[in-house]
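Shown next, in structure tokens, is the structure this report addresses.
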Amino acid sequence: MPLYRIEKGFQYDSVNISRQTMSNWVIQCVQLYLTSIYSLFQSYLLKESVLHADETTIQVLHEPGRTAAQKSYEWVYRSSGCSKHKIVIYDYKETRKQEHPRDFLKDFSGYLHTDGYQVYHSLPSKIVVVGCWAHARRRFENLWKTLPEEKRAGSDAEAGLTYINALFQLEREFAKLTTEKRYEKRLEKSKPI
């Protein structure tokens with residue numbers, strides 16, 4: 001809940017605690033406790049063999065040295081669905097530059113599942129960047145939509161969608177299998193597609 005609403009709620013109960021005071025409490029909690037927990041989660045995350053990464057824009061108001069209209073970025077890193085530790089970490093940065101994932105992932109070695117943004121492809125060779133079928137599918141779908149209706153059937157765009165949809169259907173069928181069984185089924189059924 002935003003601090004201004006908490007402040008109003010306290011005032012309704014005749015308790016005067018300013019949002020500035022509560023803001024200072026939040027900052028102190030982060031500095032004293034949450035930074036340590038964040039670092040611990042990051043250390044567990046970077047021990048995984050498969051990670052996912054993405055970034056999205058965020059607007060931060062009243063940030064020193066920046067206008068309210070400037071875009072900042074929330075980089076997100078998460079463990080895979082098969083991981084023992086389910087971890088999602090957000091890493092705020094003012095830009096979308098390549099040094100951010102490089103710095104965050106400096107102790108990681110393994111597969112990194114991303115959307116294809118070029119900065120991920122400049123990471124060290126110990127990180128193998130793998131693509132996302134959902135993002136690939138979106139490209140085929142956008143191309144398919146641009147075609148006149150009479151040219152869609154039998155087009156390369158439709159063929160791409162058909163292949164990817166078939167893979168997605170198999171993944172739904174494999175969802176409850178163990179990692180090992182899923183791998184076997186992928187070799188058997190997905191690889192031919």
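Naming scheme: A, B, ... for chains in displayed order of the structure tokens; residues 1 onward per chain; ligands 1 onward as shown.
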Counting only C-alpha atoms, what are the residues of range 71-143 of chain A within 7 Å of range 159-178 of chain A, and for each of them which pair of atoms is the nearest and at what distance in Å, to one decimal? Sort the table by chain and rising number, as JSON lines.
```
{"residue": "A:Arg137", "atom": "CA", "partner": "A:Leu161", "partner_atom": "CA", "distance": 6.2}
{"residue": "A:Phe140", "atom": "CA", "partner": "A:Leu161", "partner_atom": "CA", "distance": 6.1}
{"residue": "A:Glu141", "atom": "CA", "partner": "A:Leu161", "partner_atom": "CA", "distance": 6.7}
```
Writer output for current selection, N, CA and C atoms, as an mmCIF file, in the first residue's frame:
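As a result, out-v7.cif now contains:
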```cif
data_model
loop_
_atom_site.group_PDB
_atom_site.id
_atom_site.type_symbol
_atom_site.label_atom_id
_atom_site.label_comp_id
_atom_site.auth_asym_id
_atom_site.auth_seq_id
_atom_site.Cartn_x
_atom_site.Cartn_y
_atom_site.Cartn_z
ATOM 1 N N ARG A 137 7.371 -16.907 -32.013
ATOM 2 C CA ARG A 137 6.020 -17.092 -32.532
ATOM 3 C C ARG A 137 5.376 -15.742 -32.844
ATOM 4 N N PHE A 140 6.289 -14.498 -36.277
ATOM 5 C CA PHE A 140 5.538 -15.175 -37.340
ATOM 6 C C PHE A 140 4.088 -14.691 -37.374
ATOM 7 N N GLU A 141 3.494 -14.522 -36.192
ATOM 8 C CA GLU A 141 2.108 -14.084 -36.124
ATOM 9 C C GLU A 141 1.944 -12.675 -36.689
#
```
How would you write, as number ranges by chain, the set of residues in range 103-154 of chain A that DSSP gives as strand (DSSP E)? A: 110-113, 127-130
Saved selection, atoms kept: C-alpha atoms, as a compact mmCIF listing (two decimals), in the first residue's frame:
```txt
# COMPACT_ATOMS: atom_id res chain seq x y z
CA GLY A 110 24.79 -22.11 -17.87
CA TYR A 111 21.80 -21.49 -20.12
CA LEU A 112 20.13 -18.09 -20.19
CA HIS A 113 16.63 -18.03 -21.70
CA ILE A 127 26.66 -18.28 -20.66
CA VAL A 128 24.74 -19.95 -23.48
CA VAL A 129 21.88 -17.73 -24.60
CA VAL A 130 18.80 -19.66 -25.72
```
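CA of Gly131 in chain A is positioned 19.4 Å from CA of Phe104 in chain A.
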Using only C-alpha atoms, which residues sit within 10 Å of range 78-85 of chain A once same-chain residues fewer than 6 positions away are excluded, as a PyMOL selection string? chain A and resi 41-42+44-54+112-113+178-179
Expected file contents, prior selection, C-alpha atoms, as a tab-separated table (two decimals), in the first residue's frame:
```
chain	number	residue	atom	x	y	z
A	41	PHE	CA	18.90	-14.98	-3.12
A	42	GLN	CA	21.23	-13.78	-5.88
A	44	TYR	CA	21.43	-19.13	-4.91
A	45	LEU	CA	20.09	-17.95	-8.26
A	46	LEU	CA	23.52	-17.78	-9.88
A	47	LYS	CA	24.24	-21.41	-8.89
A	48	GLU	CA	21.40	-22.62	-11.13
A	49	SER	CA	22.20	-24.10	-14.54
A	50	VAL	CA	19.23	-22.45	-16.31
A	51	LEU	CA	18.00	-18.89	-15.83
A	52	HIS	CA	15.50	-16.61	-17.52
A	53	ALA	CA	16.10	-12.89	-18.05
A	54	ASP	CA	14.12	-9.96	-19.35
A	112	LEU	CA	20.13	-18.09	-20.19
A	113	HIS	CA	16.63	-18.03	-21.70
A	178	THR	CA	9.68	-35.16	-14.51
A	179	THR	CA	12.57	-33.25	-16.01
```
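Our summary of the geometry notes that CA of Glu184 in chain A is positioned 28.4 Å from CA of His121 in chain A.
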Picked from range 17-153 of chain A by DSSP as helix (DSSP H, G or I), as a ChimeraX atom specification: /A:19-45,99-104,118-122,133-146,149-152
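With CA of Glu63 in chain A on one side and CA of Asp115 in chain A on the other, the separation reads 28.6 Å.
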Distance criterion (only C-alpha atoms): nearest to Thr146 in chain A out of A:Glu158, A:Ser36, A:Arg5, A:His62: A:Glu158
As a ChimeraX atom specification, please: the residues near Val76 in chain A (cut-off 10 Å, only C-alpha atoms, same-chain neighbours under 6 positions excluded). /A:52-56,88-92,101
